[in-house]
>>> print(open('protein-v9.pdb').read())   # PDB, C-alpha atoms
ATOM      1  CA  MET L 221       3.781  -6.575 -37.747
ATOM      2  CA  SER L 222       2.128  -5.396 -34.532
ATOM      3  CA  ARG L 223      -0.427  -2.609 -34.688
ATOM      4  CA  LEU L 224      -1.243   0.071 -32.137
ATOM      5  CA  ASP L 225      -4.017   2.661 -32.195
ATOM      6  CA  ILE L 226      -3.194   5.651 -30.012
ATOM      7  CA  ARG L 227      -5.923   7.915 -31.328
ATOM      8  CA  PRO L 228      -7.962   7.715 -28.091
ATOM      9  CA  TYR L 229      -5.064   9.010 -25.994
ATOM     10  CA  SER L 230      -3.430  12.359 -25.327
ATOM     11  CA  CYS L 231       0.112  13.266 -24.328
ATOM     12  CA  PRO L 232       1.979  11.754 -22.497
ATOM     13  CA  LEU L 233      -0.004   8.533 -22.925
ATOM     14  CA  THR L 234       0.460   8.591 -26.707
ATOM     15  CA  TRP L 235       4.194   8.027 -26.317
ATOM     16  CA  VAL L 236       3.852   5.858 -23.196
ATOM     17  CA  LYS L 237       1.615   3.409 -25.047
ATOM     18  CA  THR L 238       3.937   3.414 -28.058
ATOM     19  CA  ARG L 239       7.010   2.907 -25.918
ATOM     20  CA  ILE L 240       5.467  -0.031 -24.049
ATOM     21  CA  ALA L 241       4.442  -1.629 -27.356
ATOM     22  CA  LEU L 242       8.007  -1.215 -28.636
ATOM     23  CA  GLU L 243       9.412  -2.705 -25.417
ATOM     24  CA  ARG L 244       7.448  -5.862 -26.110
ATOM     25  CA  LEU L 245       9.150  -6.308 -29.506
ATOM     26  CA  ALA L 246      12.575  -7.654 -30.354
ATOM     27  CA  PRO L 247      15.111  -5.324 -32.014
ATOM     28  CA  GLY L 248      14.352  -5.144 -35.734
ATOM     29  CA  GLU L 249      10.649  -5.904 -35.372
ATOM     30  CA  ARG L 250       8.190  -3.321 -36.587
ATOM     31  CA  LEU L 251       5.193  -1.574 -35.089
ATOM     32  CA  GLU L 252       2.458   0.157 -37.040
ATOM     33  CA  VAL L 253       1.028   3.093 -35.104
ATOM     34  CA  LEU L 254      -2.280   4.737 -35.939
ATOM     35  CA  LEU L 255      -2.329   8.325 -34.743
ATOM     36  CA  PRO L 256      -4.036  11.639 -35.433
ATOM     37  CA  GLU L 257      -2.328  14.523 -37.165
ATOM     38  CA  GLY L 258      -1.103  17.340 -34.995
ATOM     39  CA  GLU L 259       0.910  16.908 -31.814
ATOM     40  CA  PRO L 260       1.014  13.077 -31.807
ATOM     41  CA  LEU L 261       2.153  12.945 -35.447
ATOM     42  CA  GLU L 262       4.902  15.439 -34.670
ATOM     43  CA  ASN L 263       6.069  14.064 -31.338
ATOM     44  CA  VAL L 264       5.729  10.285 -31.426
ATOM     45  CA  PRO L 265       8.042   9.668 -34.420
ATOM     46  CA  ARG L 266      10.494  12.288 -33.188
ATOM     47  CA  THR L 267      10.684  10.774 -29.718
ATOM     48  CA  ALA L 268      11.023   7.300 -31.204
ATOM     49  CA  GLU L 269      14.048   8.464 -33.183
ATOM     50  CA  GLU L 270      15.517  10.159 -30.120
ATOM     51  CA  GLU L 271      15.290   6.862 -28.252
ATOM     52  CA  GLY L 272      17.078   4.945 -30.987
ATOM     53  CA  HIS L 273      14.222   3.539 -33.042
ATOM     54  CA  LEU L 274      13.821   3.880 -36.805
ATOM     55  CA  VAL L 275      10.902   5.651 -38.473
ATOM     56  CA  VAL L 276      10.338   3.458 -41.526
ATOM     57  CA  SER L 277       7.399   5.332 -43.020
ATOM     58  CA  ARG L 278       4.626   7.779 -42.318
ATOM     59  CA  ALA L 279       1.562   8.139 -44.501
ATOM     60  CA  PRO L 280      -2.040   9.345 -44.331
ATOM     61  CA  ALA L 281      -4.517   6.581 -43.557
ATOM     62  CA  ALA L 282      -7.706   8.056 -44.930
ATOM     63  CA  ALA L 283      -9.456   4.717 -44.750
ATOM     64  CA  GLU L 284      -9.147   4.835 -40.955
ATOM     65  CA  GLY L 285     -10.842   8.215 -40.713
ATOM     66  CA  PRO L 286     -10.168  11.887 -41.452
ATOM     67  CA  GLY L 287      -6.853  13.166 -40.115
ATOM     68  CA  CYS L 288      -5.543   9.682 -39.343
ATOM     69  CA  TRP L 289      -1.958   8.738 -40.139
ATOM     70  CA  THR L 290       0.027   5.537 -40.051
ATOM     71  CA  VAL L 291       3.598   5.566 -38.809
ATOM     72  CA  VAL L 292       5.729   2.426 -39.014
ATOM     73  CA  LEU L 293       8.491   2.165 -36.421
ATOM     74  CA  GLU L 294      11.301  -0.364 -36.263
ATOM     75  CA  LYS L 295      12.614  -1.165 -32.836
ATOM     76  CA  GLY L 296      16.228  -0.246 -32.274
ATOM     77  CA  THR L 297      18.737  -1.569 -29.798
ATOM     78  CA  PRO L 298      17.816  -0.608 -26.235
ATOM     79  CA  ARG L 299      20.036   2.031 -24.648
ATOM     80  CA  ASP L 300      21.362   1.863 -21.132
ATOM     81  CA  ALA L 301      19.673   4.027 -18.569
ATOM     82  CA  ALA L 302      21.679   6.967 -17.324
ATOM     83  CA  PHE L 303      21.426   7.427 -13.551
TER
ATOM     84  CA  MET U 275       1.424  -9.862 -15.493
ATOM     85  CA  ALA U 276       1.362  -6.825 -17.743
ATOM     86  CA  LEU U 277       0.323  -3.454 -16.383
ATOM     87  CA  SER U 278      -3.363  -2.646 -16.625
ATOM     88  CA  GLU U 279      -4.657   0.362 -18.537
ATOM     89  CA  ALA U 280      -5.334   2.082 -15.220
ATOM     90  CA  GLU U 281      -1.797   1.412 -14.009
ATOM     91  CA  ILE U 282      -0.295   2.712 -17.250
ATOM     92  CA  ALA U 283      -2.323   5.899 -16.876
ATOM     93  CA  ARG U 284      -1.363   6.191 -13.181
ATOM     94  CA  TYR U 285       2.365   5.769 -13.779
ATOM     95  CA  ALA U 286       2.564   7.363 -17.257
ATOM     96  CA  ARG U 287       5.260   9.904 -16.499
ATOM     97  CA  GLN U 288       7.304   7.498 -14.419
ATOM     98  CA  LEU U 289       7.185   4.956 -17.241
ATOM     99  CA  LEU U 290       9.001   7.496 -19.396
ATOM    100  CA  LEU U 291      12.043   7.638 -17.125
ATOM    101  CA  PRO U 292      15.182   6.295 -18.803
ATOM    102  CA  GLY U 293      15.430   2.552 -18.392
ATOM    103  CA  LEU U 294      12.359   2.064 -16.231
ATOM    104  CA  GLY U 295       9.660   1.141 -18.712
ATOM    105  CA  GLU U 296       7.001  -1.479 -18.195
ATOM    106  CA  MET U 297       9.419  -4.085 -16.883
ATOM    107  CA  GLY U 298      10.793  -1.760 -14.247
ATOM    108  CA  GLN U 299       7.301  -0.801 -13.154
ATOM    109  CA  GLU U 300       6.361  -4.468 -12.907
ATOM    110  CA  ARG U 301       9.422  -5.051 -10.722
ATOM    111  CA  LEU U 302       8.284  -2.262  -8.424
ATOM    112  CA  ARG U 303       4.795  -3.718  -8.268
ATOM    113  CA  ALA U 304       6.219  -7.108  -7.303
ATOM    114  CA  ALA U 305       8.088  -5.623  -4.342
ATOM    115  CA  ARG U 306       6.865  -5.752  -0.765
ATOM    116  CA  VAL U 307       8.822  -3.129   1.132
ATOM    117  CA  LYS U 308       9.106  -3.172   4.886
ATOM    118  CA  VAL U 309       9.606   0.330   6.259
ATOM    119  CA  TRP U 310      11.134   0.527   9.710
ATOM    120  CA  GLY U 311       9.774   3.699  11.275
ATOM    121  CA  ALA U 312       6.820   5.978  10.670
ATOM    122  CA  GLY U 313       8.209   9.203  12.099
ATOM    123  CA  PRO U 314       9.656  12.300  10.447
ATOM    124  CA  LEU U 315      12.459  10.379   8.751
ATOM    125  CA  ALA U 316      10.020   7.864   7.245
ATOM    126  CA  GLY U 317       7.217  10.176   6.140
ATOM    127  CA  PRO U 318       8.536  11.368   2.760
ATOM    128  CA  ALA U 319       9.813   7.868   1.940
ATOM    129  CA  LEU U 320       6.440   6.302   2.665
ATOM    130  CA  LEU U 321       4.722   8.708   0.304
ATOM    131  CA  TYR U 322       7.423   8.340  -2.321
ATOM    132  CA  LEU U 323       7.223   4.541  -2.298
ATOM    133  CA  ALA U 324       3.452   4.705  -2.567
ATOM    134  CA  GLU U 325       3.555   7.139  -5.460
ATOM    135  CA  ALA U 326       6.216   5.071  -7.211
ATOM    136  CA  GLY U 327       3.935   2.028  -7.139
ATOM    137  CA  VAL U 328       5.636  -0.645  -5.076
ATOM    138  CA  GLY U 329       3.307  -3.566  -4.488
ATOM    139  CA  ALA U 330       3.017  -3.256  -0.734
ATOM    140  CA  VAL U 331       4.328  -1.023   2.005
ATOM    141  CA  ILE U 332       4.668  -2.850   5.301
ATOM    142  CA  VAL U 333       5.056  -0.434   8.189
ATOM    143  CA  ASP U 334       6.704  -1.300  11.491
ATOM    144  CA  ASP U 335       6.428   1.384  14.163
ATOM    145  CA  PRO U 336       5.160   1.063  17.748
ATOM    146  CA  GLY U 337       5.255   4.766  18.606
ATOM    147  CA  VAL U 338       2.744   7.537  18.959
ATOM    148  CA  VAL U 339       2.974  11.009  17.494
ATOM    149  CA  GLY U 340       4.932  13.412  19.663
ATOM    150  CA  PRO U 341       6.094  17.020  19.292
ATOM    151  CA  ALA U 342       9.258  15.943  17.445
ATOM    152  CA  ASP U 343       7.174  14.353  14.686
ATOM    153  CA  ARG U 344       5.989  17.783  13.596
ATOM    154  CA  ALA U 345       9.258  18.106  11.645
ATOM    155  CA  GLY U 346       8.015  15.439   9.255
ATOM    156  CA  TRP U 347       5.412  15.387   6.533
ATOM    157  CA  LEU U 348       2.748  13.131   7.968
ATOM    158  CA  HIS U 349       1.743  14.682  11.260
ATOM    159  CA  GLY U 350       0.053  17.881  12.347
ATOM    160  CA  PRO U 351      -0.701  19.298  15.793
ATOM    161  CA  SER U 352      -4.012  17.456  16.028
ATOM    162  CA  ASP U 353      -2.274  14.098  15.526
ATOM    163  CA  GLU U 354      -0.338  14.141  18.797
ATOM    164  CA  GLY U 355      -0.964  10.984  20.792
ATOM    165  CA  LYS U 356      -2.245   8.979  17.812
ATOM    166  CA  PRO U 357      -0.414   5.799  16.707
ATOM    167  CA  ARG U 358       2.144   6.661  14.057
ATOM    168  CA  LEU U 359       1.496   3.302  12.396
ATOM    169  CA  ASP U 360      -2.169   4.071  11.716
ATOM    170  CA  LEU U 361      -1.384   7.486  10.274
ATOM    171  CA  ALA U 362       1.331   6.041   8.052
ATOM    172  CA  LEU U 363      -0.989   3.378   6.670
ATOM    173  CA  GLU U 364      -3.661   6.001   6.014
ATOM    174  CA  ALA U 365      -1.165   8.200   4.183
ATOM    175  CA  VAL U 366       0.056   5.358   1.954
ATOM    176  CA  ASP U 367      -3.483   4.279   1.195
ATOM    177  CA  ALA U 368      -4.528   7.813   0.329
ATOM    178  CA  ALA U 369      -1.505   8.354  -1.913
ATOM    179  CA  ASN U 370      -2.073   5.365  -4.191
ATOM    180  CA  HIS U 371      -4.852   2.810  -4.044
ATOM    181  CA  PHE U 372      -2.814   0.357  -6.141
ATOM    182  CA  VAL U 373      -0.450  -0.093  -3.187
ATOM    183  CA  TYR U 374      -1.243  -2.330  -0.231
ATOM    184  CA  ALA U 375      -0.594  -0.598   3.085
ATOM    185  CA  GLU U 376      -0.058  -3.211   5.761
ATOM    186  CA  PRO U 377       1.092  -3.366   9.357
ATOM    187  CA  GLU U 378       3.999  -5.649  10.151
ATOM    188  CA  GLY U 379       2.962  -9.281  10.531
ATOM    189  CA  ARG U 380       0.030  -9.283   8.138
ATOM    190  CA  GLY U 381       0.361 -10.905   4.732
ATOM    191  CA  PRO U 382       3.491 -12.363   3.132
ATOM    192  CA  GLY U 383       6.891 -11.206   4.277
ATOM    193  CA  PRO U 384       8.856  -8.371   2.710
ATOM    194  CA  THR U 385      11.134  -8.605  -0.307
ATOM    195  CA  ALA U 386      13.058  -5.422   0.537
ATOM    196  CA  ALA U 387      13.442  -2.991   3.396
ATOM    197  CA  LEU U 388      13.799   0.715   4.010
ATOM    198  CA  ILE U 389      15.158   1.754   7.394
ATOM    199  CA  CYS U 390      14.100   5.215   8.503
ATOM    200  CA  LEU U 391      14.620   5.210  12.261
ATOM    201  CA  GLU U 392      15.667   8.359  14.056
ATOM    202  CA  SER U 393      17.827   6.429  16.559
ATOM    203  CA  PRO U 394      21.205   5.416  15.054
ATOM    204  CA  GLU U 395      21.405   2.349  17.282
ATOM    205  CA  GLN U 396      17.948   1.184  16.279
ATOM    206  CA  ALA U 397      18.817   1.768  12.634
ATOM    207  CA  ARG U 398      21.978  -0.331  12.971
ATOM    208  CA  ALA U 399      20.016  -3.115  14.634
ATOM    209  CA  ALA U 400      17.365  -3.055  11.904
ATOM    210  CA  ALA U 401      20.063  -3.117   9.226
ATOM    211  CA  ARG U 402      21.560  -6.219  10.827
ATOM    212  CA  ILE U 403      18.155  -7.913  10.769
ATOM    213  CA  ALA U 404      17.602  -6.992   7.113
ATOM    214  CA  PHE U 405      21.076  -8.213   6.198
ATOM    215  CA  GLU U 406      20.584 -11.529   8.012
ATOM    216  CA  ALA U 407      17.241 -11.939   6.227
ATOM    217  CA  ARG U 408      19.010 -11.303   2.880
ATOM    218  CA  LEU U 409      16.708  -8.401   2.084
ATOM    219  CA  PRO U 410      18.037  -5.674  -0.191
ATOM    220  CA  HIS U 411      17.785  -2.592   1.968
ATOM    221  CA  VAL U 412      18.466   1.110   2.213
ATOM    222  CA  VAL U 413      19.239   2.976   5.421
ATOM    223  CA  ALA U 414      18.448   6.676   5.874
ATOM    224  CA  GLU U 415      20.210   8.723   8.544
ATOM    225  CA  VAL U 416      19.659  12.354   9.380
ATOM    226  CA  ASP U 417      22.167  14.862  10.683
ATOM    227  CA  GLY U 418      20.858  18.368  11.100
ATOM    228  CA  GLU U 419      19.804  19.604   7.689
ATOM    229  CA  GLY U 420      21.685  16.802   5.954
ATOM    230  CA  GLY U 421      22.245  13.120   6.425
ATOM    231  CA  SER U 422      23.228  10.037   4.520
ATOM    232  CA  VAL U 423      21.738   7.126   2.643
ATOM    233  CA  THR U 424      23.328   3.688   2.430
ATOM    234  CA  VAL U 425      22.297   1.154  -0.180
ATOM    235  CA  VAL U 426      22.855  -2.518   0.668
ATOM    236  CA  PRO U 427      22.018  -4.920  -2.163
ATOM    237  CA  VAL U 428      21.995  -8.644  -1.490
ATOM    238  CA  GLY U 429      25.613  -9.793  -1.615
ATOM    239  CA  GLY U 430      27.034  -6.317  -1.089
ATOM    240  CA  PRO U 431      28.916  -4.963   1.922
ATOM    241  CA  CYS U 432      26.713  -4.578   4.980
ATOM    242  CA  PHE U 433      25.647  -1.272   6.524
ATOM    243  CA  GLU U 434      28.312  -1.608   9.219
ATOM    244  CA  CYS U 435      31.047  -1.575   6.588
ATOM    245  CA  SER U 436      30.297   2.051   5.745
ATOM    246  CA  TYR U 437      28.840   3.200   9.055
ATOM    247  CA  ARG U 438      30.439   6.296  10.529
ATOM    248  CA  PRO U 439      29.491   7.374  14.036
ATOM    249  CA  GLY U 440      28.928  11.021  14.720
ATOM    250  CA  GLY U 441      26.295  13.140  13.153
ATOM    251  CA  ASP U 442      24.815  13.925  16.532
ATOM    252  CA  ARG U 443      23.031  17.072  15.439
ATOM    253  CA  PRO U 444      19.272  16.814  15.935
ATOM    254  CA  GLY U 445      17.320  16.287  12.767
ATOM    255  CA  GLN U 446      15.821  19.296  11.054
ATOM    256  CA  ALA U 447      12.824  19.279   8.731
ATOM    257  CA  ALA U 448      15.006  19.789   5.652
ATOM    258  CA  GLY U 449      17.301  16.932   6.658
ATOM    259  CA  TYR U 450      14.411  14.547   7.209
ATOM    260  CA  ALA U 451      12.894  15.433   3.847
ATOM    261  CA  ALA U 452      16.138  15.141   1.895
ATOM    262  CA  ALA U 453      17.446  11.923   3.463
ATOM    263  CA  SER U 454      14.055  10.235   3.400
ATOM    264  CA  SER U 455      13.276  11.114  -0.222
ATOM    265  CA  LEU U 456      16.739  10.140  -1.382
ATOM    266  CA  ALA U 457      16.518   6.826   0.459
ATOM    267  CA  ALA U 458      13.218   6.002  -1.214
ATOM    268  CA  LEU U 459      14.630   6.931  -4.612
ATOM    269  CA  GLU U 460      17.657   4.702  -4.069
ATOM    270  CA  LEU U 461      15.403   1.811  -3.107
ATOM    271  CA  VAL U 462      13.245   2.354  -6.189
ATOM    272  CA  LEU U 463      16.373   2.258  -8.377
ATOM    273  CA  LEU U 464      17.515  -0.894  -6.605
ATOM    274  CA  LEU U 465      14.157  -2.631  -7.018
ATOM    275  CA  ALA U 466      13.920  -1.650 -10.684
ATOM    276  CA  CYS U 467      17.461  -2.946 -11.323
ATOM    277  CA  LEU U 468      18.591   0.559 -12.262
ATOM    278  CA  THR U 469      21.011   1.270  -9.461
ATOM    279  CA  PRO U 470      24.282   2.674 -10.812
ATOM    280  CA  GLU U 471      26.320   0.794  -8.217
ATOM    281  CA  PRO U 472      25.089  -2.817  -7.989
ATOM    282  CA  ARG U 473      27.506  -3.618  -5.137
ATOM    283  CA  GLY U 474      26.153  -0.895  -2.896
ATOM    284  CA  ARG U 475      26.885   2.743  -2.267
ATOM    285  CA  ARG U 476      26.628   5.482   0.307
ATOM    286  CA  LEU U 477      25.442   9.002  -0.387
ATOM    287  CA  ASP U 478      26.302  11.789   2.023
ATOM    288  CA  LEU U 479      24.228  14.917   1.797
ATOM    289  CA  LEU U 480      26.682  17.782   2.030
ATOM    290  CA  ARG U 481      25.173  21.251   1.923
ATOM    291  CA  GLY U 482      22.230  19.871   0.016
ATOM    292  CA  HIS U 483      24.246  17.938  -2.557
ATOM    293  CA  PRO U 484      24.553  14.131  -2.516
ATOM    294  CA  ALA U 485      28.122  12.853  -2.759
ATOM    295  CA  ALA U 486      28.095   9.179  -3.715
ATOM    296  CA  ARG U 487      30.799   6.577  -3.270
ATOM    297  CA  ALA U 488      30.772   2.832  -3.651
ATOM    298  CA  THR U 489      30.809   0.916  -0.387
ATOM    299  CA  VAL U 490      33.567  -1.577   0.246
ATOM    300  CA  ARG U 491      33.666  -4.522   2.566
ATOM    301  CA  GLN U 492      35.775  -3.765   5.625
ATOM    302  CA  PRO U 493      38.465  -6.283   6.538
ATOM    303  CA  GLY U 494      37.318  -8.313   9.496
ATOM    304  CA  CYS U 495      33.648  -7.494   9.101
ATOM    305  CA  GLY U 496      31.404 -10.492   9.664
ATOM    306  CA  CYS U 497      29.599  -9.867   6.398
ATOM    307  CA  THR U 498      32.559 -11.289   4.506
ATOM    308  CA  VAL U 499      31.124 -14.697   5.244
ATOM    309  CA  GLY U 500      27.578 -13.639   4.536
ATOM    310  CA  ARG U 501      26.679 -12.670   8.077
ATOM    311  CA  ALA U 502      26.445  -9.269   9.686
ATOM    312  CA  PRO U 503      28.545  -8.721  12.807
TER
END
>>> encode(input="protein-v9.pdb", output="structure tokens")
Amino acid sequence: MSRLDIRPYSCPLTWVKTRIALERLAPGERLEVLLPEGEPLENVPRTAEEEGHLVVSRAPAAAEGPGCWTVVLEKGTPRDAAF
Amino acid sequence: MALSEAEIARYARQLLLPGLGEMGQERLRAARVKVWGAGPLAGPALLYLAEAGVGAVIVDDPGVVGPADRAGWLHGPSDEGKPRLDLALEAVDAANHFVYAEPEGRGPGPTAALICLESPEQARAAARIAFEARLPHVVAEVDGEGGSVTVVPVGGPCFECSYRPGGDRPGQAAGYAAASSLAALELVLLLACLTPEPRGRRLDLLRGHPAARATVRQPGCGCTVGRAP
């Protein structure tokens, strides 16, 4: 499983980095995302679901530092762009 | 080659557009776009292409800034008499340092073209050249406060197939801005493989609203055998 640490980034780069990491996976593959609580923990999983990915789990990751969480995403089937 | 951290930060919001993503941005970066014209119809497109992150903008314009250029975005009163080419290259360079700003004839040839010439006859001639060179291209035309944009992918009907004479109203600032920006957007969609009409389309700006229709090859047009008339 691939791993991504987005703690150094702020919005919109938190989701941009996550989205690019997901793009590099095949449908069904999983990505473990390390993120801080607050806005990233609220928005990154929600946006992932909106774009057709699956939120497999979310859990505190105290070993990584205070306020750190781990979210596991499973890549969904890409959707067509709408222009 | 994957995008660098600096490029991801530079294009962060664009990378979020539906369907674009890293691959689309890499396609834009790989493109070398020749822009015919550096006057009022080209100004917004030049800036748009630079901001969007195409790999290189190759400018072809022999003119100098005149009073009519004041309707565009690139030129002020103090620029009159200066080469439009130099000012266009400066504007592209200032907009995005990831983009190469080059005069025609320097570096590798283009992979796509954007035609933003105020003269309809010159635009038609440039479109024929782009078609013969098998360059995907977009043609912007202005008509008063409106205009039109024609998208010509490789293998699609040529510009002549959808060309309609008329539109003899002099260009206004709003028309230049709208047609030029829309033309650049259409080229970006084409380069990123996101165009909704892969066989080509024409958008007419009517009272500020773009009306799009697919272009069709006209019977008897020379492009039916892969050559423009």
>>> residues_around(input="protein-v9.pdb", residues="U:Ala401", least_positions_apart="5", cutoff="8 Å", atoms="all atoms listed in the file", output="list in words")
Ile389, His411, Val413 and Phe433 of chain U
>>> axis_aligned_box(input="protein-v9.pdb", around="stretch 267-283 of chain L", padding_each_side="8 Å", output="AutoDock Vina command-line options")
--center_x 3.8 --center_y 7.1 --center_z -36.6 --size_x 42.5 --size_y 23.3 --size_z 32.7
>>> closest_atom_pairs(input="protein-v9.pdb", of="chain U", to="chain L", cutoff="10 Å", atoms="only C-alpha atoms", output="CSV")
residue,atom,partner,partner_atom,distance
U:Leu277,CA,L:Ile240,CA,9.8
U:Glu279,CA,L:Lys237,CA,9.5
U:Ile282,CA,L:Val236,CA,7.9
U:Ala283,CA,L:Leu233,CA,7.0
U:Tyr285,CA,L:Val236,CA,9.5
U:Ala286,CA,L:Val236,CA,6.3
U:Arg287,CA,L:Pro232,CA,7.1
U:Gln288,CA,L:Val236,CA,9.6
U:Leu289,CA,L:Val236,CA,6.9
U:Leu290,CA,L:Val236,CA,6.6
U:Leu291,CA,L:Ala301,CA,8.6
U:Pro292,CA,L:Ala301,CA,5.0
U:Gly293,CA,L:Ala301,CA,4.5
U:Leu294,CA,L:Ala301,CA,7.9
U:Gly295,CA,L:Ile240,CA,6.9
U:Glu296,CA,L:Ile240,CA,6.2
U:Met297,CA,L:Glu243,CA,8.6
U:Leu463,CA,L:Phe303,CA,8.9
U:Leu468,CA,L:Ala301,CA,7.3
U:Thr469,CA,L:Phe303,CA,7.4
U:Pro470,CA,L:Phe303,CA,6.2
U:Glu471,CA,L:Phe303,CA,9.8
>>> residues_around(input="protein-v9.pdb", residues="stretch 434-445 of chain U", least_positions_apart="4", cutoff="7 Å", atoms="only C-alpha atoms", output="number ranges by chain")
U: 416-419, 449-450, 489-492, 495
>>> atom_distance(input="protein-v9.pdb", atom1="atom CA of U:Arg380", atom2="atom CA of U:Ala466")
24.6 Å
>>> residues_around(input="protein-v9.pdb", residues="U:Ser455", least_positions_apart="6", cutoff="12 Å", atoms="only C-alpha atoms", output="ChimeraX atom specification")
/U:314-326,346-347,388,390,412-416,420-423,448-449,461-462,479,484
